[in-house]
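**Q** Dumping the structure here so I can ask a few things about it.
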Amino acid sequence: MAGRRPELAASRRPCWPGGWCVVDKDLADQVAGIAQRVVASGAISANGHGNVSLRVPGAAEMYFTAGPSLRGHPASSVVRVGLDGTLLDGDLPPIQGAVVAMHTAMYADHPDVGCVLHTHSPYATAYAVAHRPIGCWTEALAMFGLPEGVPVAVYGPRGSSEAVAGIRRAITPGVPAVLLANHGVLVFHRTPDLAILVGGIVEEAAQAGINAGPLGGPVEIPPGLRAAALQRAMTFDRQGTVHA
C-alpha cells in the first residue's frame, strides 16, 4: 500500500484542533458514530476488534477505522483510503491496513454497497471457526436478505489475495454477509443502518443455532416459507405504522 500522496499537502485544511488534514470531518465523525453503533448492537467481541468503512459518495474512496478497537474509536483515527488501496490521508497501522483489501473488494464488486463492517462477533465467529455455515433457521434471516443463510469463505491470511478470492467465491448473490473461516464476519450493505442490522441478525442466528444444539440442533425454515416470511414483512412495511 502506497503512502500519503505529497500533492495532497497543498490542499490541506484545518480539521481537528492542532492538526491539518484532507479528511472530511463530517464523514470521519459519521464513521466513528457507526463504530459506536456496532458496539452498542452487541454483535462485537469483548475487545471490540473490528473495522468499519464507508464509501465516499461520488468518489473512488472510503473512510476506514484505523484504531485498534471499535470501542470508543475517535474520529481523528479514521483514515481516507482510495478504493485501489492507496492511503490518501491519515495513519494506518499494520494490523488494520492488512484487512483494507476485504473492504475495497466489496465496493469494487458491489456498486450499491455503501458500508462494510468486519467484526469478530462471538457466536458467528464460532461458526466461522468451525467452518460451518449459518442456516436460515431464524425468521429474521429470511426477512432481511439472507434466505439462504450465511456462507463460509475458506481461510486465507487476513486480507491476503487468497482470503479476498475466497470471500468472492463464497458470497451468495444478494446475500450481504459472509463468514470468514478461522477469523470472523464480513457484512456489506447499501447503508450503515442496514449493515448494522444484518450484523446483529447474523449474530442472533448464530447464538440461536448454538443454543439449539443440546435440543437436537436448529431446524431451517422450509424454502417456500422463507419467501412467505419476506412477503408478509414487506406487506406490513408498505402499510406503515397504524394509528388508532
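A note on labels: chains of the C-alpha cells are A, B, ... as shown, every chain counts residues from 1, and ligands are counted from 1 in their shown order.
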Compile a residue-level contact table for segment 118-226 of chain A against segment 103-112 of chain A at a cut-off of 10 Å, reporting for every qualifying residue the shortest atom pair and its distance in Å to one decimal, with only C-alpha atoms counted, rows ordered by chain and ascending number, as JSON lines.

**A**
```
{"residue": "A:His118", "atom": "CA", "partner": "A:His103", "partner_atom": "CA", "distance": 8.5}
{"residue": "A:Gly159", "atom": "CA", "partner": "A:His103", "partner_atom": "CA", "distance": 9.0}
{"residue": "A:Val164", "atom": "CA", "partner": "A:Ala105", "partner_atom": "CA", "distance": 7.3}
{"residue": "A:Ala165", "atom": "CA", "partner": "A:Ala105", "partner_atom": "CA", "distance": 9.3}
{"residue": "A:Ile167", "atom": "CA", "partner": "A:Ala105", "partner_atom": "CA", "distance": 9.2}
{"residue": "A:Arg168", "atom": "CA", "partner": "A:Ala105", "partner_atom": "CA", "distance": 8.3}
{"residue": "A:Gly174", "atom": "CA", "partner": "A:His110", "partner_atom": "CA", "distance": 9.9}
{"residue": "A:Pro176", "atom": "CA", "partner": "A:Met106", "partner_atom": "CA", "distance": 9.9}
{"residue": "A:Leu186", "atom": "CA", "partner": "A:His103", "partner_atom": "CA", "distance": 8.8}
{"residue": "A:Val187", "atom": "CA", "partner": "A:Met106", "partner_atom": "CA", "distance": 9.4}
{"residue": "A:Phe188", "atom": "CA", "partner": "A:Met106", "partner_atom": "CA", "distance": 7.0}
{"residue": "A:His189", "atom": "CA", "partner": "A:Asp112", "partner_atom": "CA", "distance": 7.6}
{"residue": "A:Arg190", "atom": "CA", "partner": "A:Asp112", "partner_atom": "CA", "distance": 5.7}
{"residue": "A:Thr191", "atom": "CA", "partner": "A:Asp112", "partner_atom": "CA", "distance": 9.1}
```

**Q** Save out the residues we just selected, C-alpha atoms, as a PDB file, in the first residue's frame.

**A**
```pdb
ATOM      1  CA  HIS A 118     -15.933  -6.574   9.873  1.00  0.00           C
ATOM      2  CA  GLY A 159      -6.781  -9.548   3.954  1.00  0.00           C
ATOM      3  CA  VAL A 164     -10.210 -11.995  -0.737  1.00  0.00           C
ATOM      4  CA  ALA A 165     -10.518 -14.576  -3.509  1.00  0.00           C
ATOM      5  CA  ILE A 167     -14.605 -14.299   0.050  1.00  0.00           C
ATOM      6  CA  ARG A 168     -15.552 -13.560  -3.544  1.00  0.00           C
ATOM      7  CA  GLY A 174     -27.870 -10.846  -2.953  1.00  0.00           C
ATOM      8  CA  PRO A 176     -24.953  -9.242   2.312  1.00  0.00           C
ATOM      9  CA  LEU A 186     -17.915  -9.566   6.990  1.00  0.00           C
ATOM     10  CA  VAL A 187     -21.136  -7.622   6.337  1.00  0.00           C
ATOM     11  CA  PHE A 188     -21.688  -5.272   3.405  1.00  0.00           C
ATOM     12  CA  HIS A 189     -24.853  -3.350   2.578  1.00  0.00           C
ATOM     13  CA  ARG A 190     -26.282  -0.251   0.963  1.00  0.00           C
ATOM     14  CA  THR A 191     -26.364   1.835   4.133  1.00  0.00           C
TER      15      THR A 191
END
```

**Q** Name the residues of segment 2-243 of chain A that fall into alpha helix (DSSP H) according to DSSP on the backbone, using the chain letters and numbers of this document, as an MDAnalysis selection string.

**A** chainID A and resid 25:41 94:97 100:109 122:129 139:143 161:170 192:212 223:239

**Q** Which polymer residues have any atom within 12 Å of an atom of Gly224 of chain A, counting only C-alpha atoms, with same-chain residues fewer than 3 positions away left out, as a ChimeraX atom specification?

**A** /A:136,142,147-148,220-221,227-231

**Q** In Å, with one decimal, what is the gap from atom CA of Ala46 of chain A to atom CA of Ala208 of chain A?

**A**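 Between atom CA of Ala46 of chain A and atom CA of Ala208 of chain A the gap works out to 19.2 Å.
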
**Q** So that I can check the secondary structure, give me every residue of segment 68-222 of chain A assigned strand (DSSP E or B) by backbone DSSP, as a PyMOL selection string.

**A** chain A and resi 78-82+87-89+115-119+134+150+152-153+177-180+184-189

**Q** For the residues in the current selection, export C-alpha atoms as a PDB file, in the first residue's frame.

**A**
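Just written: result-v2.pdb:
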```
ATOM      1  CA  VAL A  78     -10.483   7.499  10.768  1.00  0.00           C
ATOM      2  CA  VAL A  79      -8.379   7.431   7.592  1.00  0.00           C
ATOM      3  CA  ARG A  80      -9.110   8.158   3.961  1.00  0.00           C
ATOM      4  CA  VAL A  81      -8.279   5.342   1.549  1.00  0.00           C
ATOM      5  CA  GLY A  82      -8.648   5.042  -2.210  1.00  0.00           C
ATOM      6  CA  LEU A  87      -3.730   5.527   1.749  1.00  0.00           C
ATOM      7  CA  LEU A  88      -4.721   9.109   0.947  1.00  0.00           C
ATOM      8  CA  ASP A  89      -4.613  10.646   4.398  1.00  0.00           C
ATOM      9  CA  CYS A 115     -20.870   0.433   4.104  1.00  0.00           C
ATOM     10  CA  VAL A 116     -18.727  -2.566   5.101  1.00  0.00           C
ATOM     11  CA  LEU A 117     -18.405  -3.984   8.628  1.00  0.00           C
ATOM     12  CA  HIS A 118     -15.933  -6.574   9.873  1.00  0.00           C
ATOM     13  CA  THR A 119     -16.225  -7.954  13.395  1.00  0.00           C
ATOM     14  CA  ILE A 134     -25.346 -20.461   9.351  1.00  0.00           C
ATOM     15  CA  VAL A 150     -24.657 -17.128   5.687  1.00  0.00           C
ATOM     16  CA  VAL A 152     -18.317 -19.550   4.845  1.00  0.00           C
ATOM     17  CA  ALA A 153     -15.291 -18.318   2.908  1.00  0.00           C
ATOM     18  CA  ALA A 177     -22.796 -11.259   4.697  1.00  0.00           C
ATOM     19  CA  VAL A 178     -20.143 -13.968   4.733  1.00  0.00           C
ATOM     20  CA  LEU A 179     -18.309 -15.832   7.485  1.00  0.00           C
ATOM     21  CA  LEU A 180     -14.509 -15.748   7.293  1.00  0.00           C
ATOM     22  CA  GLY A 184     -14.773 -13.549  11.847  1.00  0.00           C
ATOM     23  CA  VAL A 185     -17.635 -11.986   9.916  1.00  0.00           C
ATOM     24  CA  LEU A 186     -17.915  -9.566   6.990  1.00  0.00           C
ATOM     25  CA  VAL A 187     -21.136  -7.622   6.337  1.00  0.00           C
ATOM     26  CA  PHE A 188     -21.688  -5.272   3.405  1.00  0.00           C
ATOM     27  CA  HIS A 189     -24.853  -3.350   2.578  1.00  0.00           C
TER      28      HIS A 189
END
```

**Q** For a test of reading the model, state the distance in Å between atom CA of Pro133 of chain A and atom CA of Val202 of chain A, rounded to one decimal.

**A**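 These atoms are spaced 10.8 Å apart.
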
**Q** Ranking A:Asp237, A:Ile44, A:Pro173, A:Trp137 by minimum distance to Ala212 of chain A and counting only C-alpha atoms, which one comes first?

**A**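 Looking only at the distances to Ala212 of chain A, the closest residue turns out to be A:Trp137.
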
**Q** So, with only C-alpha atoms as the atoms that count, which of A:Gly213, A:Pro157, A:Pro122, A:Gly145 lies closest to Ala43 of chain A?

**A**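 Distance minimum relative to Ala43 of chain A lands on A:Pro122.
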
**Q** A:Ile210, A:Ala233, A:Met102, A:Ala60: which is nearest Ala140 of chain A, counting only C-alpha atoms?

**A**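 Checking each candidate against Ala140 of chain A, we get A:Ala233 as the closest.
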
**Q** Could you please determine the separation between atom CA of Val100 of chain A and atom CA of Ala163 of chain A in Å, to one decimal place?

**A**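 Answer for the atom CA of Val100 of chain A to atom CA of Ala163 of chain A separation: 11.8 Å.
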
**Q** Would you mind telling me which residue in A:Gly97, A:Val219, A:Pro68, A:Val113 lies nearest to Ala205 of chain A when using only C-alpha atoms?

**A**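 The answer is A:Val219, which sits nearest to Ala205 of chain A.
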
**Q** What's the 9 Å shell around Ser161 of chain A, counting only C-alpha atoms, without same-chain residues fewer than 5 positions away, as a list in words?

**A**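 Here the qualifying residues turn out to be Ala101, Gly156 and Gly166 of chain A.
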
**Q** Please write the residues from the selection above to a file, keeping C-alpha atoms, as a JSON list (two decimals), in the first residue's frame.

**A**
```json
[["chain", "number", "residue", "atom", "x", "y", "z"],
["A", 101, "ALA", "CA", -8.47, -5.20, 0.74],
["A", 156, "GLY", "CA", -6.58, -17.27, 3.88],
["A", 166, "GLY", "CA", -12.15, -16.97, -1.05]]
```

**Q** Under the rule that only C-alpha atoms are counted, which of A:Gly50, A:Ser76, A:His243, A:Arg158 is the nearest residue to Ala32 of chain A?

**A**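 Nearest to Ala32 of chain A: A:Ser76.
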